[in-house]
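Working notes for the structure below.
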Amino acid sequence: MTLALVLFKRECALVLRKPGDALSALFFFVLCATLFALSINPEPQLLRALGPGALWVCALLSSLIVVGELFEGDWRDGTLEQLLLSPLPLPAMVAAKALARWLGSALPLVLVSPLLGLQFELSGSALLLLPLTLALGTLALVFVGSIGAALTLGLRSGSMLLSLLLLPLYIPVLIFGALAVAGAQSGSGFEAELSILAALCLLSVFFAPFASAACLELACE
Amino acid sequence: MTLALVLFKRECALVLRKPGDALSALFFFVLCATLFALSINPEPQLLRALGPGALWVCALLSSLIVVGELFEGDWRDGTLEQLLLSPLPLPAMVAAKALARWLGSALPLVLVSPLLGLQFELSGSALLLLPLTLALGTLALVFVGSIGAALTLGLRSGSMLLSLLLLPLYIPVLIFGALAVAGAQSGSGFEAELSILAALCLLSVFFAPFASAACLELACE
Amino acid sequence: MHPQRKKRLLLVVAALAVIGIASALILNAFRSNLVFFHTPTEVATKQVATDRTLRIGGLVVPGSIERSAGGLQVSFAVSDKVHSVPVRYQGILPDLFNEGKGTVVQGVLGADGVFQASQVLAKHDENYMPPEAADALERAGQTVVQP
Amino acid sequence: MNWDSVSAFLHMGGYGLYVWGSFGVTLLLLALETALLSRRARRVADEIRQQTKAARPPLKPRHTGQD
Amino acid sequence: MKINWFYFSSPPRFYALAGRLSPLFFALALLLTTLGLYLGFFVAPTDFQQGEGYRIIFVHVPVSWMSMFIYLVIAFWSAMGLVMKTRISMVMAQALVPTGALFTFLSLWTGALWGKPMWGAWWVWDARLTSELILLFLYLALMALRAAIDDERRADRACALFALVGVVNVPVIYFSVKWWNTLHQGASVSLTRAPSMASTMLFGMLVMALAAWAYTIATSLKRARTLLLEREGDSEWARRQFAGDAR
Amino acid sequence: MFETIDLGCRKGRRTLFSGLGFSLGAGEVLHLAGSNGCGKTSLLRQIAGFAPLQSGQLRWQGQAVDARSHAWRARLAWCTHQPALKDALSVGENIRTSLRLAGVQLDDAAIRETLAQWQVAEQWSLAARLLSQGQRRRLALASLTLLARPLWLLDEPFNALDDTACRQLWQAIHRHAAAGGRVLFTHHAAVAGVRVLALEDFA
Amino acid sequence: MFETIDLGCRKGRRTLFSGLGFSLGAGEVLHLAGSNGCGKTSLLRQIAGFAPLQSGQLRWQGQAVDARSHAWRARLAWCTHQPALKDALSVGENIRTSLRLAGVQLDDAAIRETLAQWQVAEQWSLAARLLSQGQRRRLALASLTLLARPLWLLDEPFNALDDTACRQLWQAIHRHAAAGGRVLFTHHAAVAGVRVLALEDFA
Ligand code: HEM
Ligand SMILES: Nc1ncnc2c1ncn2[C@@H]1O[C@H](COP(=O)(O)OP(=O)(O)OP(=O)(O)O)[C@@H](O)[C@H]1O
Ligand SMILES: Nc1ncnc2c1ncn2[C@@H]1O[C@H](COP(=O)(O)OP(=O)(O)OP(=O)(O)O)[C@@H](O)[C@H]1O
Ligand SMILES: [Mg+2]
Ligand SMILES: [Mg+2]
């Protein structure tokens, strides 16, 4: 456990040392959402109909970018092999890395999202729900994404393959996330979607590290 | 000139050898557009209002991804240094690489765009104009982007810096591109926008390689 | 207990707990509404917002279909046997659309309480039988069950 | 027998395009898969046959009788 | 007598067995398809709601069932391959993927062609349709992953892991019509109650489903044979297969 | 006693080695020799469990071991041409965390002392990306000696090192062996007084 | 005659060398020696024009040259620990294009012959990513010898090479010198019969 903490701290140090890398996801999110908002007719009705879905799509794309480099650096500079030899169990290692990455890259995005929600004229409760669903959702996306990152490590055509692999796994999160926000927006309730989102998040945070660990062993061959 | 051709061929060979890497931009484009269409209520009217802008934003984001790795590989494996020592003038080298990258990554995207246009219920002339503007636009984006890629080569926080640097340069292209398609869609004419787009494309294809070349020299230090 | 064993046991317990919580959450979700379409009751009791596109599903009330002169404009009512919502629609109807049959309409609820549909879908049930059998059933007083 | 004539059969009560579109594409794709598969099988067999020929040492009867 | 379950996990024995079974099942598939088509078009009556349009059921339902079932089988072989480390399991898992993808595509295709006349839309984003589309993506991802990895062993294991991760989608597809209210109809055939379908119709559908089974078995065995040769082409047993006619 | 029995390695259609067996007792040092591309790195990767064993087995004290198990990996120290340094972190941060991740708790003073022996203590707060090739190597080797793992697997450890550093490494190897450790290393030059395993004998 | 006059290099607060000058006539070979981190690579990068000169100048046949000019770079062959291979391309494709990009037109037969001397001809159609460390090195050196550039700048070229390849490289260096070329290389071991420049004399 303490070892996982050490790794977690190292990852955080790396994030702090190169904040630009971590924040690029945030930047991409803001860019993507703003450009979308700009590219359409700024009618409140239209914006409101679009908002939840568009913001969630942007968050999903940013997570895809976050996840792409989860193990890349460690693999390239030989750290991954050393980690395999360390007494730290591999799933714990994956969890520590994913969590640090989530904190560094996805959390800022979550915190900023209400501002972007304003851009899309989201209503009060939807504005509150947006960061909540995004927090749960991006956690699930990053952890599930770690499986894809581990599977495609060092492969030709990595990034395309990554998105192809993750697409089917990401769609449910996207659907329930966007539905929840849209539900809050229209006042027709969001509890069902939110609890499914929470379940997805819980399951992926717990089980994805084991799957990723198995895939990482393969990648080091 | 023949040397530039050799480099161009090598880049094309690389694209063919790892088609997944090149096609990842296409895939990202399709993904982005599809998820976006999926995330909103598929009402024809809404879709049609959204189409030109949304597709152009997706194309811009994909170009950003294309551009990010333009010199990265060469820089990492030492090829860039060898290229600096070759008799090939640096701007020609940049042009060859950017062109190959455009062919491999952006052209498929351009060719596929009418299909996605259908998804957004674009009308006949807009469907024809979309690939044309995208072809001109992505060419400009990739060449202008090469400047950003050269500037941020090997920097910490590269990717965020890259998008930050490129955004102001990209927005004019986005605006005129989206306007042209929207004009064709609404039947209100598009010649003015199209010719501005062509001018932007021409300027950047000619001048960007010189700027990039200067930046590359700096990057190798 | 051997520390290795203990760890493993702990892990299994944690896994079971996670699965348990997750299934509780999911089951909770199914008890509330998670829908492709809303029912007329939900619309009537204002459980859904009215200013955005939504889908309403139910049966077409028998005798409620009125076609306008051109034949393209239709109005009918959709009901779930408790409440019903009047619907106006302009366009082509699917073949299976008929009185007493299931339908899903997509559109916006107007201020006048009339639902302005932009798309009308037919929803049929899982029964398949020859027409004679259906007639026989009907004569026997059994209506074909709708979902 | 459900059909009075071939044209009624093809017309399929007005749903001809949909019904034949489904069945046609299905049968076509299944046939295509079968064809591609047997071509692949033939290719592999040819390759191995060639290798076996190349690998077999010429004029060394001692080796052929093994097994 | 104790059955040796691993008897056929030796490549040459499996190769021989598959070689004998595959043509058999091809013939069976052909036979059943002919019979099924006859039943479907000439014996089964018109439907009271959908008229002749319902006949798409005879292809839509078998391919849809098969698309889900094949994924389950792939997951099964993958798990076997990961746990038992038998090569044949991995080969079987690999051999089923293209056929599964094909059936999934056909399910979407025939469903869309059926939805247009019946529902009035080619496509809607209800739970059944969306989850079936995700299934197609899963199959495509499996094929792309396989193609991207040079090393066979790594490819086997990576695909097996991915297949296992994706298997949660299958129950979601199957129960989607029950869990959510979808536009897609509920189950007409279920283990817990009598089918809500006229028996001649049901019979035709079941025969077509059997045909799909036979086709799948035949194709996957044949593909497994080919894959085995591609993988172990320079081994002694593979050469022996062609020693007879190599002269 | 560490033994390998009947190891083999095929790459593509080429067999690099087969039937390879050797034993390495406590305190022994073995020089794995062979020309470029003969499979030295591949062998080391199999022993470390990064590549699967294609045949044969590994034995430790007479017991077969699973090269991918945690227990086995906890015995290994692994050093290749990639020094596993994070470019953005300083030398001190790098070595401190890599030691802690390997399960070794040492205070900075002890680490600095070892770094001083390897003459990279001055660079303590320099970012790792600014180090010279040799300094990166030295850092990797310094952390190796601090790990206290019984079996060292070193792939061309003398690369890029200058004379002083080479001597330092020899001392470290001999000290490790004297303390009952085992060392398996590849090197291209002949080394006097060390048992040699010529990989090409098993080609 | 190639001369350097009063070169210097500071990194951060540390002066690596200053006032460095040497000359290298046609046919001369110069061994740049010094301990790890003393600045050998930094010096070579200045000469190649990848890093700016911090002081002094370079002269070629008595004329000051701009190290970043095309004319100067066209005289150099550059070989470091990064072999500049594209992992996805085969050995043949790699060497063929890298030669052509350097302005050298050779048919495959000639290239293969050189590769055979370096014992990597067999790998002609193998993807570069599958090569061993030494094989990558050999490939880089083979293409170096085919470039026909007058001044060779080699940073630790003997790294990762086995005996045969080292001998081959010596031959190549001597052949190049005999043909009037110049070689400046870094190496950690002492080399008999080659002029040495100890970088630490200028620290
Ligand atoms: C693209 C659209 C469609 C997709 C992806 C789709 C998918 C599926 C799937 C996966 C199944 C098998 C699951 C099960 O057995 O419950 C299925 C079954 C079935 N589908 Fe569809 N379907 C589509 C459209 C339609 C349409 C338009 C109809 C009828 C008008 C239809 C009628 C049926 C029937 C009757 C079954 C058999 C149900 C049973 O007895 O279990 N489907 N479909
Ligand atoms: N797919 C393949 N087909 C044929 N040969 C291959 C393939 N993959 C790798 N090889 C060969 O396998 C060998 C790998 O050798 P390895 O890296 O273990 O060598 P090494 O002994 O460490 O060499 P070095 O001293 O150069 O580091 C190389 O000769 C390489 O060419
Ligand atoms: N910003 C800095 N502050 C202090 N020292 C620095 C800085 N950047 C680099 N250095 C030092 O400069 C030197 C660079 O040396 P260089 O790479 O030229 O060495 P080298 O002689 O090639 O060594 P080696 O034999 O190990 O390859 C290193 O000692 C490094 O620690
Ligand atoms: Mg090696
Ligand atoms: Mg150096």
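Residue numbers start at 1 in each chain; chains themselves are named A, B, ... in the order of the structure tokens; ligands are numbered from 1 in the order shown.
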Expected selection as a VMD selection string for ligand 3 within 9 Å, only C-alpha atoms and all ligand atoms: (chain F and resid 120 122 to 123 126 to 138 160 to 162) or (chain G and resid 9 to 16 33 to 45 155 to 156 186 to 188 199)
Can you spit out the residues from that selection as a short mmCIF file (atom, residue, chain, number, x, y, z; two decimals), in the first residue's frame, using N, CA and C atoms?
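Generated output (out_17.cif):
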data_model
loop_
_atom_site.label_atom_id
_atom_site.label_comp_id
_atom_site.auth_asym_id
_atom_site.auth_seq_id
_atom_site.Cartn_x
_atom_site.Cartn_y
_atom_site.Cartn_z
N VAL F 120 28.40 10.93 -9.17
CA VAL F 120 27.27 11.68 -9.69
C VAL F 120 26.52 12.39 -8.57
N GLU F 122 27.30 15.24 -7.27
CA GLU F 122 27.19 16.67 -7.62
C GLU F 122 25.90 16.98 -8.39
N GLN F 123 25.48 16.02 -9.17
CA GLN F 123 24.32 16.26 -10.04
C GLN F 123 22.99 16.05 -9.31
N LEU F 126 20.16 18.09 -10.42
CA LEU F 126 20.05 18.34 -11.86
C LEU F 126 18.94 17.47 -12.45
N ALA F 127 18.18 18.02 -13.39
CA ALA F 127 17.16 17.19 -14.04
C ALA F 127 17.84 16.07 -14.83
N ALA F 128 17.26 14.91 -14.79
CA ALA F 128 17.91 13.74 -15.40
C ALA F 128 18.12 13.92 -16.89
N ARG F 129 17.28 14.72 -17.52
CA ARG F 129 17.42 14.88 -18.97
C ARG F 129 18.71 15.58 -19.34
N LEU F 130 19.35 16.28 -18.39
CA LEU F 130 20.58 17.01 -18.69
C LEU F 130 21.83 16.17 -18.50
N LEU F 131 21.68 14.96 -18.00
CA LEU F 131 22.86 14.13 -17.74
C LEU F 131 23.50 13.64 -19.03
N SER F 132 24.80 13.36 -18.96
CA SER F 132 25.45 12.74 -20.11
C SER F 132 25.14 11.24 -20.11
N GLN F 133 25.38 10.60 -21.24
CA GLN F 133 25.11 9.16 -21.36
C GLN F 133 25.74 8.38 -20.22
N GLY F 134 27.01 8.64 -19.98
CA GLY F 134 27.72 7.90 -18.95
C GLY F 134 27.14 8.15 -17.57
N GLN F 135 26.75 9.38 -17.32
CA GLN F 135 26.18 9.69 -16.02
C GLN F 135 24.86 8.97 -15.80
N ARG F 136 24.07 8.82 -16.85
CA ARG F 136 22.82 8.06 -16.71
C ARG F 136 23.13 6.63 -16.35
N ARG F 137 24.10 6.06 -17.03
CA ARG F 137 24.52 4.70 -16.75
C ARG F 137 24.95 4.55 -15.30
N ARG F 138 25.77 5.51 -14.87
CA ARG F 138 26.27 5.44 -13.51
C ARG F 138 25.13 5.46 -12.51
N ALA F 160 29.34 2.83 -22.36
CA ALA F 160 29.30 4.26 -22.08
C ALA F 160 29.99 4.66 -20.78
N LEU F 161 30.57 3.69 -20.07
CA LEU F 161 31.25 4.04 -18.83
C LEU F 161 32.72 4.35 -19.09
N ASP F 162 33.26 5.30 -18.35
CA ASP F 162 34.69 5.56 -18.47
C ASP F 162 35.48 4.63 -17.55
N CYS G 9 32.36 25.76 -23.51
CA CYS G 9 31.00 25.27 -23.28
C CYS G 9 30.64 25.42 -21.82
N ARG G 10 29.59 26.15 -21.55
CA ARG G 10 29.05 26.24 -20.20
C ARG G 10 27.67 25.59 -20.18
N LYS G 11 27.41 24.82 -19.14
CA LYS G 11 26.07 24.27 -18.96
C LYS G 11 25.62 24.70 -17.58
N GLY G 12 24.51 25.38 -17.50
CA GLY G 12 24.09 25.90 -16.20
C GLY G 12 25.20 26.76 -15.63
N ARG G 13 25.63 26.43 -14.40
CA ARG G 13 26.70 27.22 -13.77
C ARG G 13 28.04 26.55 -13.93
N ARG G 14 28.07 25.51 -14.73
CA ARG G 14 29.30 24.74 -14.79
C ARG G 14 29.97 24.95 -16.15
N THR G 15 31.27 25.23 -16.10
CA THR G 15 32.02 25.33 -17.35
C THR G 15 32.59 23.96 -17.65
N LEU G 16 32.19 23.41 -18.79
CA LEU G 16 32.70 22.09 -19.13
C LEU G 16 34.10 22.19 -19.69
N ALA G 33 39.17 12.11 -25.61
CA ALA G 33 39.05 11.30 -24.40
C ALA G 33 38.64 12.18 -23.23
N GLY G 34 38.07 11.55 -22.23
CA GLY G 34 37.67 12.29 -21.05
C GLY G 34 36.65 11.48 -20.28
N SER G 35 36.54 11.77 -19.00
CA SER G 35 35.65 10.95 -18.18
C SER G 35 34.20 11.29 -18.49
N ASN G 36 33.30 10.51 -17.93
CA ASN G 36 31.86 10.70 -18.19
C ASN G 36 31.43 12.09 -17.76
N GLY G 37 30.72 12.74 -18.65
CA GLY G 37 30.16 14.04 -18.30
C GLY G 37 31.12 15.19 -18.44
N CYS G 38 32.28 14.96 -19.08
CA CYS G 38 33.23 16.06 -19.16
C CYS G 38 32.95 16.95 -20.37
N GLY G 39 32.08 16.53 -21.25
CA GLY G 39 31.69 17.43 -22.32
C GLY G 39 32.03 16.97 -23.73
N LYS G 40 32.34 15.72 -23.92
CA LYS G 40 32.71 15.23 -25.25
C LYS G 40 31.54 15.37 -26.22
N THR G 41 30.39 14.87 -25.79
CA THR G 41 29.23 14.96 -26.68
C THR G 41 28.88 16.41 -26.97
N SER G 42 28.99 17.25 -25.94
CA SER G 42 28.67 18.66 -26.14
C SER G 42 29.58 19.28 -27.18
N LEU G 43 30.85 18.92 -27.13
CA LEU G 43 31.79 19.46 -28.11
C LEU G 43 31.43 19.01 -29.53
N LEU G 44 31.17 17.73 -29.67
CA LEU G 44 30.82 17.23 -30.99
C LEU G 44 29.58 17.92 -31.54
N ARG G 45 28.61 18.15 -30.67
CA ARG G 45 27.38 18.80 -31.13
C ARG G 45 27.64 20.24 -31.57
N ASP G 155 30.38 9.62 -31.96
CA ASP G 155 30.26 9.66 -30.51
C ASP G 155 30.15 8.24 -29.97
N GLU G 156 31.20 7.78 -29.33
CA GLU G 156 31.26 6.42 -28.78
C GLU G 156 30.79 5.38 -29.78
N THR G 186 34.94 9.76 -29.99
CA THR G 186 35.10 9.63 -28.54
C THR G 186 35.11 8.15 -28.21
N HIS G 187 35.84 7.81 -27.19
CA HIS G 187 35.93 6.41 -26.79
C HIS G 187 36.47 6.38 -25.38
N HIS G 188 36.07 5.40 -24.59
CA HIS G 188 36.51 5.41 -23.20
C HIS G 188 37.78 4.62 -22.97
N LEU G 199 40.02 15.96 -23.10
CA LEU G 199 39.16 17.12 -22.95
C LEU G 199 39.36 17.78 -21.59
#
Stretch 53-67 of chain C surroundings by only C-alpha atoms, 6 Å radius, close-in-sequence under 5 positions cut, as a list of chain:residue names: C:Phe37, C:His38, C:Thr39, C:Gln73, C:Val74, C:Ser75, C:Phe76, C:Ala77, C:Val78, C:Ser79, C:Asp80, C:Glu99, C:Gly100, C:Lys101, C:Gly102, C:Thr103, C:Val104, C:Val105, C:Gln106, C:Gly107, C:Val108
Output file for the residues above (N, CA, C and O atoms, as a PDB file, in the first residue's frame):
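Generated file (selection_14.pdb):
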ATOM      1  N   PHE C  37     -38.750   6.079 -24.290  1.00  0.00           N
ATOM      2  CA  PHE C  37     -39.871   7.004 -24.447  1.00  0.00           C
ATOM      3  C   PHE C  37     -40.596   7.182 -23.113  1.00  0.00           C
ATOM      4  O   PHE C  37     -40.464   6.380 -22.199  1.00  0.00           O
ATOM      5  N   HIS C  38     -41.330   8.226 -23.000  1.00  0.00           N
ATOM      6  CA  HIS C  38     -42.111   8.483 -21.802  1.00  0.00           C
ATOM      7  C   HIS C  38     -43.549   8.060 -22.037  1.00  0.00           C
ATOM      8  O   HIS C  38     -44.000   7.919 -23.169  1.00  0.00           O
ATOM      9  N   THR C  39     -44.291   7.873 -20.940  1.00  0.00           N
ATOM     10  CA  THR C  39     -45.697   7.501 -21.079  1.00  0.00           C
ATOM     11  C   THR C  39     -46.544   8.774 -20.999  1.00  0.00           C
ATOM     12  O   THR C  39     -46.129   9.767 -20.423  1.00  0.00           O
ATOM     13  N   GLN C  73     -51.545  15.758 -43.293  1.00  0.00           N
ATOM     14  CA  GLN C  73     -51.641  16.216 -41.898  1.00  0.00           C
ATOM     15  C   GLN C  73     -52.524  15.256 -41.126  1.00  0.00           C
ATOM     16  O   GLN C  73     -53.658  14.993 -41.525  1.00  0.00           O
ATOM     17  N   VAL C  74     -52.019  14.689 -40.055  1.00  0.00           N
ATOM     18  CA  VAL C  74     -52.817  13.769 -39.241  1.00  0.00           C
ATOM     19  C   VAL C  74     -52.832  14.237 -37.812  1.00  0.00           C
ATOM     20  O   VAL C  74     -51.854  14.810 -37.329  1.00  0.00           O
ATOM     21  N   SER C  75     -53.923  13.956 -37.129  1.00  0.00           N
ATOM     22  CA  SER C  75     -53.905  14.134 -35.685  1.00  0.00           C
ATOM     23  C   SER C  75     -54.533  12.913 -35.050  1.00  0.00           C
ATOM     24  O   SER C  75     -55.423  12.279 -35.618  1.00  0.00           O
ATOM     25  N   PHE C  76     -54.014  12.548 -33.912  1.00  0.00           N
ATOM     26  CA  PHE C  76     -54.525  11.371 -33.199  1.00  0.00           C
ATOM     27  C   PHE C  76     -54.160  11.533 -31.724  1.00  0.00           C
ATOM     28  O   PHE C  76     -53.517  12.524 -31.337  1.00  0.00           O
ATOM     29  N   ALA C  77     -54.581  10.590 -30.920  1.00  0.00           N
ATOM     30  CA  ALA C  77     -54.243  10.649 -29.498  1.00  0.00           C
ATOM     31  C   ALA C  77     -53.486   9.392 -29.108  1.00  0.00           C
ATOM     32  O   ALA C  77     -53.761   8.302 -29.609  1.00  0.00           O
ATOM     33  N   VAL C  78     -52.523   9.579 -28.234  1.00  0.00           N
ATOM     34  CA  VAL C  78     -51.744   8.448 -27.720  1.00  0.00           C
ATOM     35  C   VAL C  78     -52.101   8.276 -26.263  1.00  0.00           C
ATOM     36  O   VAL C  78     -52.108   9.248 -25.503  1.00  0.00           O
ATOM     37  N   SER C  79     -52.390   7.035 -25.882  1.00  0.00           N
ATOM     38  CA  SER C  79     -52.808   6.844 -24.493  1.00  0.00           C
ATOM     39  C   SER C  79     -52.121   5.638 -23.870  1.00  0.00           C
ATOM     40  O   SER C  79     -51.652   4.738 -24.565  1.00  0.00           O
ATOM     41  N   ASP C  80     -52.026   5.660 -22.547  1.00  0.00           N
ATOM     42  CA  ASP C  80     -51.582   4.458 -21.836  1.00  0.00           C
ATOM     43  C   ASP C  80     -52.711   3.951 -20.954  1.00  0.00           C
ATOM     44  O   ASP C  80     -52.496   3.366 -19.915  1.00  0.00           O
ATOM     45  N   GLU C  99     -55.063   2.348 -35.538  1.00  0.00           N
ATOM     46  CA  GLU C  99     -55.812   2.541 -34.303  1.00  0.00           C
ATOM     47  C   GLU C  99     -55.664   1.320 -33.416  1.00  0.00           C
ATOM     48  O   GLU C  99     -55.731   0.181 -33.882  1.00  0.00           O
ATOM     49  N   GLY C 100     -55.462   1.567 -32.139  1.00  0.00           N
ATOM     50  CA  GLY C 100     -55.330   0.465 -31.199  1.00  0.00           C
ATOM     51  C   GLY C 100     -53.958  -0.165 -31.171  1.00  0.00           C
ATOM     52  O   GLY C 100     -53.700  -1.077 -30.392  1.00  0.00           O
ATOM     53  N   LYS C 101     -53.048   0.301 -32.046  1.00  0.00           N
ATOM     54  CA  LYS C 101     -51.700  -0.286 -32.083  1.00  0.00           C
ATOM     55  C   LYS C 101     -50.713   0.611 -31.344  1.00  0.00           C
ATOM     56  O   LYS C 101     -50.990   1.792 -31.092  1.00  0.00           O
ATOM     57  N   GLY C 102     -49.537   0.048 -31.063  1.00  0.00           N
ATOM     58  CA  GLY C 102     -48.518   0.802 -30.346  1.00  0.00           C
ATOM     59  C   GLY C 102     -47.832   1.808 -31.242  1.00  0.00           C
ATOM     60  O   GLY C 102     -47.695   1.599 -32.456  1.00  0.00           O
ATOM     61  N   THR C 103     -47.427   2.911 -30.654  1.00  0.00           N
ATOM     62  CA  THR C 103     -46.667   3.890 -31.425  1.00  0.00           C
ATOM     63  C   THR C 103     -45.718   4.652 -30.498  1.00  0.00           C
ATOM     64  O   THR C 103     -45.920   4.707 -29.278  1.00  0.00           O
ATOM     65  N   VAL C 104     -44.675   5.199 -31.101  1.00  0.00           N
ATOM     66  CA  VAL C 104     -43.768   6.077 -30.371  1.00  0.00           C
ATOM     67  C   VAL C 104     -43.632   7.338 -31.198  1.00  0.00           C
ATOM     68  O   VAL C 104     -43.265   7.268 -32.374  1.00  0.00           O
ATOM     69  N   VAL C 105     -43.974   8.483 -30.610  1.00  0.00           N
ATOM     70  CA  VAL C 105     -43.879   9.735 -31.372  1.00  0.00           C
ATOM     71  C   VAL C 105     -42.797  10.606 -30.772  1.00  0.00           C
ATOM     72  O   VAL C 105     -42.602  10.621 -29.554  1.00  0.00           O
ATOM     73  N   GLN C 106     -42.088  11.306 -31.652  1.00  0.00           N
ATOM     74  CA  GLN C 106     -41.030  12.183 -31.175  1.00  0.00           C
ATOM     75  C   GLN C 106     -41.335  13.607 -31.579  1.00  0.00           C
ATOM     76  O   GLN C 106     -41.740  13.857 -32.716  1.00  0.00           O
ATOM     77  N   GLY C 107     -41.174  14.528 -30.667  1.00  0.00           N
ATOM     78  CA  GLY C 107     -41.454  15.918 -30.998  1.00  0.00           C
ATOM     79  C   GLY C 107     -41.462  16.791 -29.753  1.00  0.00           C
ATOM     80  O   GLY C 107     -40.827  16.450 -28.758  1.00  0.00           O
ATOM     81  N   VAL C 108     -42.176  17.911 -29.835  1.00  0.00           N
ATOM     82  CA  VAL C 108     -42.236  18.849 -28.707  1.00  0.00           C
ATOM     83  C   VAL C 108     -43.690  19.030 -28.276  1.00  0.00           C
ATOM     84  O   VAL C 108     -44.593  19.046 -29.107  1.00  0.00           O
TER      85      VAL C 108
END
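Residues lying within 12 Å of G:Val65, counting only C-alpha atoms and ignoring same-chain neighbours fewer than 5 positions away, are Phe2, Glu3, Thr4, Ile5, Ile47, Ala48, Gly49, Leu53, Gly56, Gln57, Leu58, Arg59, Trp60, His70, Ala71, Trp72, Arg73 and Arg75 of chain G.
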Save out the residues we just selected, C-alpha atoms, as a PDB file, in the first residue's frame.
ATOM      1  CA  PHE G   2      40.259  21.605 -39.956  1.00  0.00           C
ATOM      2  CA  GLU G   3      40.851  23.717 -36.860  1.00  0.00           C
ATOM      3  CA  THR G   4      38.904  24.703 -33.812  1.00  0.00           C
ATOM      4  CA  ILE G   5      39.920  27.844 -31.991  1.00  0.00           C
ATOM      5  CA  ILE G  47      31.161  21.184 -34.179  1.00  0.00           C
ATOM      6  CA  ALA G  48      28.242  19.615 -36.025  1.00  0.00           C
ATOM      7  CA  GLY G  49      26.269  22.830 -35.600  1.00  0.00           C
ATOM      8  CA  LEU G  53      29.213  27.809 -30.568  1.00  0.00           C
ATOM      9  CA  GLY G  56      35.652  30.800 -30.641  1.00  0.00           C
ATOM     10  CA  GLN G  57      35.318  29.535 -34.168  1.00  0.00           C
ATOM     11  CA  LEU G  58      35.744  26.657 -36.554  1.00  0.00           C
ATOM     12  CA  ARG G  59      38.049  26.875 -39.525  1.00  0.00           C
ATOM     13  CA  TRP G  60      38.280  24.762 -42.627  1.00  0.00           C
ATOM     14  CA  HIS G  70      24.632  23.951 -45.428  1.00  0.00           C
ATOM     15  CA  ALA G  71      28.107  23.943 -46.894  1.00  0.00           C
ATOM     16  CA  TRP G  72      29.600  22.907 -43.574  1.00  0.00           C
ATOM     17  CA  ARG G  73      27.025  20.276 -42.800  1.00  0.00           C
ATOM     18  CA  ARG G  75      31.020  17.775 -45.076  1.00  0.00           C
TER      19      ARG G  75
END
Within 6 Å of ligand 1 (only C-alpha atoms and all ligand atoms), residues as JSON, numbers by chain: {"E": [57, 61, 64, 65, 107, 108, 111, 112, 114, 115, 118, 123, 129, 132, 174, 184, 187, 188, 189]}
Backbone-only DSSP, helix (DSSP H, G or I) members of stretch 37-77 of chain E, as an NGL selection string: :E and (37-43 or 52-77)
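Within 12 Å of B:Pro172, once only C-alpha atoms are used and residues closer than 6 positions along the same chain are dropped, the contacting residues are B:Trp56, B:Leu60, B:Gly137, B:Ala140, B:Leu141, B:Val144, B:Leu166, B:Ala178, B:Leu179, B:Glu193, B:Ile196, B:Leu197, B:Ala199, B:Leu200, B:Cys201.
Minimum atom-to-atom distances from C:Lys46, C:Lys81, C:Arg139, C:Arg88 to chain A were compared using only C-alpha atoms, and the lowest value belongs to C:Lys46.
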Counting only C-alpha atoms, chain C residues within 8 Å of chain E, as a ChimeraX atom specification: /C:30,34-37,93-96,104,120-132,134
DSSP strand (DSSP E or B) residues within chain C, as a PyMOL selection string: chain C and resi 35+38+54-60+66-67+73-79+84-90+102-109+115-123+128
Residues of chain E within 9 Å of chain D, counting only C-alpha atoms, as a ChimeraX atom specification: /E:41-46,51-56,58-60,98-99,102-103,106,109-111,113-114,116-117,215,219,222-223,225-227,229-230,233-234,238-240,242-243,245-247
Proximal residues of chain B relative to chain A (only C-alpha atoms; 8 Å) as a ChimeraX atom specification: /B:18-25,27-28,32,35-36,39-41,46,49-50,53-54,57,61,156-161,163,178
